[in-house]
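**Student:** Here it is: the structure, laid out below.
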There are 2 protein chains.
Amino acid sequence: MTTPAPYDLCFVGFGHVAQRFVALVDEQRRRLAREHGVRFRFVGAVTRHRQVEEPRGVSARELVRRMASQRGEPSTAATTRAVVDFVRRTVRASASARAGRLIVVETTTLDVTAGEPATTYILAALRGGAHVVTANKGPVACAYARIARAARTAGRRFLFEAAVMDGIPVFNLVRSSLPAVRIIGFRGVVNSTTNFILTAMERGEPFDAALRAMQRDGIAEADPSLDVDGWDAAAKTAALANVLMGATLTPARVDRRGIGPSTAAEIEAARKAGRRMKLVASARVGPGGVDARVAPTAVVSSDLLASLQGQQNAVILDTDLLGEIAVVQLGAGLTQTAYGLLSDSLTISRDAGRSPRSGRPGRSL
Amino acid sequence: MTTPAPYDLCFVGFGHVAQRFVALVDEQRRRLAREHGVRFRFVGAVTRHRQVEEPRGVSARELVRRMASQRGEPSTAATTRAVVDFVRRTVRASASARAGRLIVVETTTLDVTAGEPATTYILAALRGGAHVVTANKGPVACAYARIARAARTAGRRFLFEAAVMDGIPVFNLVRSSLPAVRIIGFRGVVNSTTNFILTAMERGEPFDAALRAMQRDGIAEADPSLDVDGWDAAAKTAALANVLMGATLTPARVDRRGIGPSTAAEIEAARKAGRRMKLVASARVGPGGVDARVAPTAVVSSDLLASLQGQQNAVILDTDLLGEIAVVQLGAGLTQTAYGLLSDSLTISRDAGRSPRSGRPGRSL
């Protein structure tokens, strides 16, 4: 058996998720070769502080070592430009990109207002001829139609399984396992921090104490507003609606209400009515397009969403042919998110050489 | 745009599921052509009572009309032989089969002891050069390894999404959306009738009354032993374990306990402990192979399986890389089962011309 040409991986952003992905690819090297006939090579990485460019590949250990060494503090504006230049230059110089065998792995910080600068990085990579996989919900939530169009024009893939449920398949499920089905709406619990806080508040803990406990455990961010104000859930809602239902939403256009100390009264009222409060994300095809919202909602105890504990997430898809189907994430963590990136990379290698499916309105996955 | 050559569909068994599938293909004709570039043609059907053979295709209405007209009552043995002969002859005579464009749609009656005569029909179809899709769990539960081998030898597909969760993707999910993941076990509620009865018994209804109500509504069979004795769940357990975990089980080798009037005491004891009784199907990779069982089980209220009402089903997959993932079927019916057959047929048309993936131990989907 001849060794197949490798797929090259180039990283934009190199935080915990990217590093876990590098380790996962390295750990699973033999399984990937045996079962998928695919080999990955690490050819570069860029952050606002460091760059590695090795067209012939470096080991996982070497890549992590070199990206971890001394960090400067350059000005943000200058370095966003520098990152774009790096992406453009390395992609253009890559023989793998020309052969459709370069994958840019984008994992920079979430920006819910414009999905930037991630969207700029992604567009530069696609236009240069790279495929892109991302764990970042910002670009899918803010600029999906534009990126999907650029990908189609370039004949490259843009995939983002890790953006909503940490690599538990939602987008891939609809794309690969629900052919000929229309998604007409969905409901879900998609933010772990708020679900954790609501569960603690049901036990009588005050909001602030529950939040501080999560920050102490490193689950919630130091600035928790992305979670508790519903922005993270709104971004995931926009991403799901844009991709699965052909919407052109942004997080700001999702009707959004978060949770806070005053949610305690709603929790108590819900409890008396035999219900549980959950931060429910939902979208539905309406007469004027797709309506989407995020709001604390009292769900009946027989509702699947009521059964979600702690950090568990779920999305219930409403479909025209199959009724309601739910996908539930019972465990979460960095490995799951990294797996989403791996799954997308394998989709790209698996579909290579296969003629792309005919265009499907609103489902240009 | 030139019209692509059609995929021919030939039916073995022609009950409610097959007829709903014919109607579904007919209703969705335009969507299938537009979004999947695929056209289906009905070229034949056989039961122990009727045969239609039309290599150039007939309309859905014509097929149903001709299969519905007068039924004889020939002896079973003679006609099983006649069905096999029909399959062998029509497949061998089919130019579509030679081009890999004939799909035999098998929907004969479930036999949990040997998966026969369905397995014989399926092997005859595959060996002649047809792909096979089935809604019948018997062959997958009793003879999966043998059928998968025959399919590989013939270079044809054998798919069965409808066999376990009525077309809600489980097999397809693992095959397409969980690359490089190992399934190390699963737990689930996979039989609707028993879940319905257990829910009614929790409300205080006696077993016999609940069962009679389900028979009256046409949900349970006149002979309910397949459901209440756990045979249906055991067949689904064997099917899942065989396909997803490389087991070589049969339903009889699944450790099996059903439900009955005496389950009332267990339900009451569970209720006092804050639990719910569910007929839980499970399998796990053990030291001596895959251990599988079906048994009434008291699940804690925070367990996802505890939240399943009425006819809802769920399978929780335990994986090496992603932890636990659940797929939940919230609605059920004939259309869902028919959709499973359609989804498999689209998988076949979509993967045509694509080089088959390298062999994967225990996962020859």
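Chain lettering (A, B, ...) mirrors the order of the structure tokens, residue numbering begins at 1 for each chain separately, and ligand numbering begins at 1 in order of display.
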Write out as a PyMOL selection string which residues come within 9 Å of Gly323 in chain A when counting only C-alpha atoms, dropping same-chain ones fewer than 6 positions away.

**Tutor:** (chain A and resi 317) or (chain B and resi 329-332+336)

**Student:** Can you write just those residues out, N, CA, C and O atoms, as a PDB file, in the first residue's frame?

**Tutor:**
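So result.pdb came out as:
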```pdb
ATOM      1  N   LEU A 317     -34.466  19.108  16.889  1.00  0.00           N
ATOM      2  CA  LEU A 317     -34.772  19.589  15.546  1.00  0.00           C
ATOM      3  C   LEU A 317     -36.206  19.233  15.201  1.00  0.00           C
ATOM      4  O   LEU A 317     -36.642  18.098  15.424  1.00  0.00           O
TER       5      LEU A 317
ATOM      6  N   GLN B 329     -35.809   9.929  19.576  1.00  0.00           N
ATOM      7  CA  GLN B 329     -36.913   9.973  18.630  1.00  0.00           C
ATOM      8  C   GLN B 329     -38.144  10.439  19.394  1.00  0.00           C
ATOM      9  O   GLN B 329     -38.650   9.724  20.255  1.00  0.00           O
ATOM     10  N   LEU B 330     -38.616  11.636  19.088  1.00  0.00           N
ATOM     11  CA  LEU B 330     -39.747  12.186  19.839  1.00  0.00           C
ATOM     12  C   LEU B 330     -41.074  11.919  19.142  1.00  0.00           C
ATOM     13  O   LEU B 330     -42.125  11.919  19.766  1.00  0.00           O
ATOM     14  N   GLY B 331     -41.047  11.701  17.833  1.00  0.00           N
ATOM     15  CA  GLY B 331     -42.266  11.354  17.110  1.00  0.00           C
ATOM     16  C   GLY B 331     -42.038  10.048  16.380  1.00  0.00           C
ATOM     17  O   GLY B 331     -40.909   9.741  16.012  1.00  0.00           O
ATOM     18  N   ALA B 332     -43.077   9.263  16.184  1.00  0.00           N
ATOM     19  CA  ALA B 332     -42.894   7.980  15.518  1.00  0.00           C
ATOM     20  C   ALA B 332     -44.069   7.720  14.593  1.00  0.00           C
ATOM     21  O   ALA B 332     -45.154   8.265  14.782  1.00  0.00           O
ATOM     22  N   GLN B 336     -41.911   7.907   9.277  1.00  0.00           N
ATOM     23  CA  GLN B 336     -40.534   7.835   9.753  1.00  0.00           C
ATOM     24  C   GLN B 336     -39.857   6.556   9.264  1.00  0.00           C
ATOM     25  O   GLN B 336     -38.721   6.585   8.801  1.00  0.00           O
TER      26      GLN B 336
END
```

**Student:** Name the residues of range 156-355 of chain B that fall into helix (DSSP H, G or I) according to DSSP on the backbone, using the chain letters and numbers of this document, as a PDB file with C-alpha atoms, in the first residue's frame.

**Tutor:**
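Listed below is the output, out16.pdb:
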```
ATOM      1  CA  ALA B 162     -35.304   1.896   9.601  1.00  0.00           C
ATOM      2  CA  ALA B 163     -34.623  -1.299  11.562  1.00  0.00           C
ATOM      3  CA  VAL B 164     -34.055   0.194  15.016  1.00  0.00           C
ATOM      4  CA  MET B 165     -35.412   3.743  15.439  1.00  0.00           C
ATOM      5  CA  PHE B 171     -26.423   3.739  11.994  1.00  0.00           C
ATOM      6  CA  ASN B 172     -26.024   6.618   9.562  1.00  0.00           C
ATOM      7  CA  LEU B 173     -24.994   8.916  12.417  1.00  0.00           C
ATOM      8  CA  VAL B 174     -22.174   6.607  13.451  1.00  0.00           C
ATOM      9  CA  ARG B 175     -21.165   5.863   9.860  1.00  0.00           C
ATOM     10  CA  SER B 176     -21.180   9.421   8.548  1.00  0.00           C
ATOM     11  CA  SER B 177     -20.966  11.763  11.491  1.00  0.00           C
ATOM     12  CA  SER B 192     -42.490   1.829  22.018  1.00  0.00           C
ATOM     13  CA  THR B 193     -45.205  -0.575  23.155  1.00  0.00           C
ATOM     14  CA  THR B 194     -43.535  -1.458  26.447  1.00  0.00           C
ATOM     15  CA  ASN B 195     -42.678   2.176  27.148  1.00  0.00           C
ATOM     16  CA  PHE B 196     -46.322   3.064  26.618  1.00  0.00           C
ATOM     17  CA  ILE B 197     -47.495   0.255  28.909  1.00  0.00           C
ATOM     18  CA  LEU B 198     -44.989   1.152  31.644  1.00  0.00           C
ATOM     19  CA  THR B 199     -46.112   4.803  31.487  1.00  0.00           C
ATOM     20  CA  ALA B 200     -49.763   3.700  31.821  1.00  0.00           C
ATOM     21  CA  MET B 201     -48.900   1.370  34.723  1.00  0.00           C
ATOM     22  CA  GLU B 202     -47.198   4.284  36.513  1.00  0.00           C
ATOM     23  CA  PHE B 207     -50.811  -4.314  32.763  1.00  0.00           C
ATOM     24  CA  ASP B 208     -53.604  -6.175  30.948  1.00  0.00           C
ATOM     25  CA  ALA B 209     -55.772  -3.080  30.507  1.00  0.00           C
ATOM     26  CA  ALA B 210     -52.859  -1.013  29.221  1.00  0.00           C
ATOM     27  CA  LEU B 211     -51.928  -3.730  26.767  1.00  0.00           C
ATOM     28  CA  ARG B 212     -55.515  -4.113  25.539  1.00  0.00           C
ATOM     29  CA  ALA B 213     -55.749  -0.340  25.018  1.00  0.00           C
ATOM     30  CA  MET B 214     -52.656  -0.449  22.840  1.00  0.00           C
ATOM     31  CA  GLN B 215     -53.982  -3.384  20.845  1.00  0.00           C
ATOM     32  CA  ARG B 216     -57.273  -1.536  20.346  1.00  0.00           C
ATOM     33  CA  SER B 225     -45.183 -11.366  23.050  1.00  0.00           C
ATOM     34  CA  LEU B 226     -42.627  -9.869  20.643  1.00  0.00           C
ATOM     35  CA  ASP B 227     -42.981  -6.597  22.524  1.00  0.00           C
ATOM     36  CA  VAL B 228     -43.741  -7.471  26.144  1.00  0.00           C
ATOM     37  CA  TRP B 231     -37.914  -9.936  21.803  1.00  0.00           C
ATOM     38  CA  ASP B 232     -38.267  -6.793  19.702  1.00  0.00           C
ATOM     39  CA  ALA B 233     -35.878  -4.916  22.000  1.00  0.00           C
ATOM     40  CA  ALA B 234     -33.475  -7.869  21.992  1.00  0.00           C
ATOM     41  CA  ALA B 235     -33.447  -7.919  18.189  1.00  0.00           C
ATOM     42  CA  LYS B 236     -32.708  -4.185  18.099  1.00  0.00           C
ATOM     43  CA  THR B 237     -29.989  -4.643  20.730  1.00  0.00           C
ATOM     44  CA  ALA B 238     -28.360  -7.400  18.683  1.00  0.00           C
ATOM     45  CA  ALA B 239     -28.609  -5.274  15.538  1.00  0.00           C
ATOM     46  CA  LEU B 240     -26.956  -2.264  17.197  1.00  0.00           C
ATOM     47  CA  ALA B 241     -24.238  -4.385  18.830  1.00  0.00           C
ATOM     48  CA  ASN B 242     -23.494  -6.314  15.641  1.00  0.00           C
ATOM     49  CA  VAL B 243     -23.193  -3.233  13.472  1.00  0.00           C
ATOM     50  CA  LEU B 244     -21.735  -0.627  15.812  1.00  0.00           C
ATOM     51  CA  MET B 245     -19.574  -2.831  18.014  1.00  0.00           C
ATOM     52  CA  PRO B 251     -31.630 -11.972  19.693  1.00  0.00           C
ATOM     53  CA  ALA B 252     -31.612 -15.285  21.569  1.00  0.00           C
ATOM     54  CA  ARG B 253     -28.126 -14.541  22.898  1.00  0.00           C
ATOM     55  CA  THR B 263     -43.835  -5.430  36.940  1.00  0.00           C
ATOM     56  CA  ALA B 264     -46.372  -3.294  38.837  1.00  0.00           C
ATOM     57  CA  ALA B 265     -44.576  -4.033  42.111  1.00  0.00           C
ATOM     58  CA  GLU B 266     -41.235  -2.961  40.631  1.00  0.00           C
ATOM     59  CA  ILE B 267     -42.808   0.242  39.318  1.00  0.00           C
ATOM     60  CA  GLU B 268     -44.152   1.040  42.773  1.00  0.00           C
ATOM     61  CA  ALA B 269     -40.799   0.328  44.437  1.00  0.00           C
ATOM     62  CA  ALA B 270     -39.048   2.473  41.836  1.00  0.00           C
ATOM     63  CA  ARG B 271     -41.521   5.319  42.370  1.00  0.00           C
ATOM     64  CA  LYS B 272     -40.842   5.282  46.117  1.00  0.00           C
ATOM     65  CA  LEU B 304     -32.354  10.988  30.039  1.00  0.00           C
ATOM     66  CA  LEU B 305     -34.140   7.645  29.631  1.00  0.00           C
ATOM     67  CA  ALA B 306     -36.450   8.554  32.539  1.00  0.00           C
ATOM     68  CA  SER B 307     -37.783  11.510  30.557  1.00  0.00           C
ATOM     69  CA  LEU B 334     -45.057   4.901   9.341  1.00  0.00           C
ATOM     70  CA  THR B 335     -43.631   7.958   7.553  1.00  0.00           C
ATOM     71  CA  GLN B 336     -40.534   7.835   9.753  1.00  0.00           C
ATOM     72  CA  THR B 337     -39.966   4.171   8.940  1.00  0.00           C
ATOM     73  CA  ALA B 338     -40.492   4.828   5.237  1.00  0.00           C
ATOM     74  CA  TYR B 339     -38.062   7.728   5.513  1.00  0.00           C
ATOM     75  CA  GLY B 340     -35.401   5.337   6.829  1.00  0.00           C
ATOM     76  CA  LEU B 341     -35.675   3.400   3.564  1.00  0.00           C
ATOM     77  CA  LEU B 342     -35.518   6.622   1.555  1.00  0.00           C
ATOM     78  CA  SER B 343     -32.486   7.846   3.477  1.00  0.00           C
ATOM     79  CA  ASP B 344     -30.686   4.558   2.784  1.00  0.00           C
ATOM     80  CA  SER B 345     -31.622   4.721  -0.889  1.00  0.00           C
ATOM     81  CA  LEU B 346     -30.204   8.247  -1.084  1.00  0.00           C
ATOM     82  CA  THR B 347     -27.008   7.101   0.640  1.00  0.00           C
ATOM     83  CA  ILE B 348     -26.608   4.510  -2.106  1.00  0.00           C
ATOM     84  CA  SER B 349     -27.189   6.993  -4.906  1.00  0.00           C
ATOM     85  CA  ARG B 350     -24.952   9.585  -3.242  1.00  0.00           C
ATOM     86  CA  ASP B 351     -22.046   7.229  -2.710  1.00  0.00           C
TER      87      ASP B 351
END
```

**Student:** Hey, what does DSSP flag as strand (DSSP E or B) within range 36-228 of chain B? Can you give it to me as a PyMOL selection string?

**Tutor:** chain B and resi 40-46+51-58+102-106+131-134+158-159+183-189

**Student:** Find the residues near range 19-32 of chain A: any atom within 8 Å, counting only C-alpha atoms, skip ones fewer than 2 places away on the same chain, and give them as a PDB file with N, CA and C atoms, in the first residue's frame.

**Tutor:**
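Contents of result.pdb, freshly written:
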```pdb
ATOM      1  N   PHE A  14      -4.008  29.576  18.462  1.00  0.00           N
ATOM      2  CA  PHE A  14      -3.338  28.376  18.966  1.00  0.00           C
ATOM      3  C   PHE A  14      -3.518  28.266  20.466  1.00  0.00           C
ATOM      4  N   GLY A  15      -4.753  28.348  20.915  1.00  0.00           N
ATOM      5  CA  GLY A  15      -5.069  28.222  22.341  1.00  0.00           C
ATOM      6  C   GLY A  15      -5.307  26.771  22.724  1.00  0.00           C
ATOM      7  N   HIS A  16      -6.073  26.580  23.809  1.00  0.00           N
ATOM      8  CA  HIS A  16      -6.294  25.232  24.346  1.00  0.00           C
ATOM      9  C   HIS A  16      -6.922  24.286  23.327  1.00  0.00           C
ATOM     10  N   VAL A  17      -7.932  24.782  22.575  1.00  0.00           N
ATOM     11  CA  VAL A  17      -8.635  23.911  21.632  1.00  0.00           C
ATOM     12  C   VAL A  17      -7.693  23.438  20.530  1.00  0.00           C
ATOM     13  N   ARG A  34      -5.273   3.859   9.299  1.00  0.00           N
ATOM     14  CA  ARG A  34      -5.823   2.528   9.055  1.00  0.00           C
ATOM     15  C   ARG A  34      -7.272   2.603   8.579  1.00  0.00           C
ATOM     16  N   GLU A  35      -8.067   3.414   9.254  1.00  0.00           N
ATOM     17  CA  GLU A  35      -9.499   3.405   8.982  1.00  0.00           C
ATOM     18  C   GLU A  35      -9.925   4.426   7.934  1.00  0.00           C
ATOM     19  N   HIS A  36      -9.169   5.471   7.783  1.00  0.00           N
ATOM     20  CA  HIS A  36      -9.575   6.525   6.861  1.00  0.00           C
ATOM     21  C   HIS A  36      -8.548   6.771   5.767  1.00  0.00           C
ATOM     22  N   GLY A  37      -7.445   6.052   5.837  1.00  0.00           N
ATOM     23  CA  GLY A  37      -6.412   6.219   4.820  1.00  0.00           C
ATOM     24  C   GLY A  37      -5.920   7.650   4.735  1.00  0.00           C
ATOM     25  N   VAL A  38      -5.906   8.340   5.855  1.00  0.00           N
ATOM     26  CA  VAL A  38      -5.523   9.751   5.811  1.00  0.00           C
ATOM     27  C   VAL A  38      -4.400  10.039   6.803  1.00  0.00           C
ATOM     28  N   ARG A  39      -3.539  10.947   6.397  1.00  0.00           N
ATOM     29  CA  ARG A  39      -2.403  11.340   7.206  1.00  0.00           C
ATOM     30  C   ARG A  39      -2.422  12.864   7.272  1.00  0.00           C
ATOM     31  N   PHE A  40      -2.198  13.420   8.437  1.00  0.00           N
ATOM     32  CA  PHE A  40      -2.171  14.875   8.584  1.00  0.00           C
ATOM     33  C   PHE A  40      -0.751  15.322   8.912  1.00  0.00           C
ATOM     34  N   ALA A  60       4.057  17.291  16.300  1.00  0.00           N
ATOM     35  CA  ALA A  60       3.113  17.941  17.211  1.00  0.00           C
ATOM     36  C   ALA A  60       3.880  18.625  18.342  1.00  0.00           C
ATOM     37  N   VAL A  64       3.976  22.708  19.170  1.00  0.00           N
ATOM     38  CA  VAL A  64       3.508  23.264  20.447  1.00  0.00           C
ATOM     39  C   VAL A  64       4.654  23.993  21.147  1.00  0.00           C
ATOM     40  N   LEU A 334     -12.795  19.728  26.361  1.00  0.00           N
ATOM     41  CA  LEU A 334     -11.878  20.162  25.317  1.00  0.00           C
ATOM     42  C   LEU A 334     -11.715  19.095  24.240  1.00  0.00           C
ATOM     43  N   THR A 335     -11.676  17.818  24.658  1.00  0.00           N
ATOM     44  CA  THR A 335     -11.488  16.749  23.679  1.00  0.00           C
ATOM     45  C   THR A 335     -12.649  16.727  22.695  1.00  0.00           C
ATOM     46  N   ALA A 338     -12.168  19.545  20.242  1.00  0.00           N
ATOM     47  CA  ALA A 338     -11.093  19.179  19.320  1.00  0.00           C
ATOM     48  C   ALA A 338     -11.574  18.107  18.342  1.00  0.00           C
ATOM     49  N   TYR A 339     -12.412  17.191  18.830  1.00  0.00           N
ATOM     50  CA  TYR A 339     -12.944  16.158  17.954  1.00  0.00           C
ATOM     51  C   TYR A 339     -13.789  16.760  16.832  1.00  0.00           C
ATOM     52  N   LEU A 341     -13.263  19.456  15.257  1.00  0.00           N
ATOM     53  CA  LEU A 341     -12.318  19.875  14.216  1.00  0.00           C
ATOM     54  C   LEU A 341     -11.782  18.670  13.447  1.00  0.00           C
ATOM     55  N   LEU A 342     -11.528  17.586  14.169  1.00  0.00           N
ATOM     56  CA  LEU A 342     -11.031  16.372  13.514  1.00  0.00           C
ATOM     57  C   LEU A 342     -12.094  15.791  12.588  1.00  0.00           C
TER      58      LEU A 342
ATOM     59  N   ALA B 180     -13.819   7.964  13.143  1.00  0.00           N
ATOM     60  CA  ALA B 180     -12.692   7.761  14.079  1.00  0.00           C
ATOM     61  C   ALA B 180     -13.141   7.595  15.524  1.00  0.00           C
TER      62      ALA B 180
END
```

**Student:** Neighbouring residues of Val315 in chain A were defined as those with any atom within 7 Å, considering only C-alpha atoms; residues of the same chain fewer than 6 positions away were excluded. Please report them as a PyMOL selection string.

**Tutor:** chain A and resi 186-189+326-328

**Student:** Between B:Arg66, B:Arg101, B:Arg61, B:Arg284, single out the one closest to Ala45 in chain B, counting only C-alpha atoms.

**Tutor:**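 Ranked by minimum distance to Ala45 in chain B, first place goes to B:Arg66.
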
**Student:** Got a sec: who's within 8 Å of range 158-160 of chain B, counting only C-alpha atoms, leaving out chain neighbours fewer than 4 positions off, as a ChimeraX atom specification?

**Tutor:** /B:131-137,140,147-148,151,171,340-341,344,365

**Student:** Could you tell me which of B:Gly333, B:Arg41, B:Thr90, B:Asp303 comes closest to Ile219 in chain B if we count only C-alpha atoms?

**Tutor:** B:Gly333

**Student:** What lies within 12 Å of Ala95 in chain A using only C-alpha atoms, ignoring chain neighbours under 2 positions off, as a ChimeraX atom specification?

**Tutor:** /A:5-8,43,55-56,90-93,97-102,128-130

**Student:** Just the residues within 8 Å of Arg50 in chain A, please, counting only C-alpha atoms, with nothing from its chain fewer than 3 positions along; format it as an NGL selection string.

**Tutor:** :A and (45-47 or 67 or 71)

**Student:** Which one is closest to chain B: A:Gly274, A:Gly138, A:Gly44, A:Pro169? Count only C-alpha atoms.

**Tutor:**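 Between A:Gly274, A:Gly138, A:Gly44, A:Pro169, the residue approaching chain B most closely is A:Pro169.
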
**Student:** Select, from B:Pro206, B:Gly230, B:Gly115, B:Gly167, the residue with the minimum atom-to-atom distance to chain A, counting only C-alpha atoms.

**Tutor:**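 Of B:Pro206, B:Gly230, B:Gly115, B:Gly167, the one nearest chain A, counting only C-alpha atoms, is B:Gly167.
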
**Student:** Check the smallest atom-to-atom distance from each of B:Leu126, B:Ala222, B:Val190, B:Ala33 to chain A using only C-alpha atoms, then report the winner.

**Tutor:** B:Ala33

**Student:** Point out the residue among B:Leu63, B:Ala143, B:Ala220, B:Ala314 with the least atom-to-atom distance to Thr248 in chain B, counting only C-alpha atoms.

**Tutor:**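 Among the listed residues, the smallest separation from Thr248 in chain B belongs to B:Ala143.
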
**Student:** Work out how far apart CA of Pro4 in chain A and CA of Val104 in chain A are and give it in Å to one decimal.

**Tutor:**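 Rounded to one decimal, the two atoms are 19.6 Å apart.
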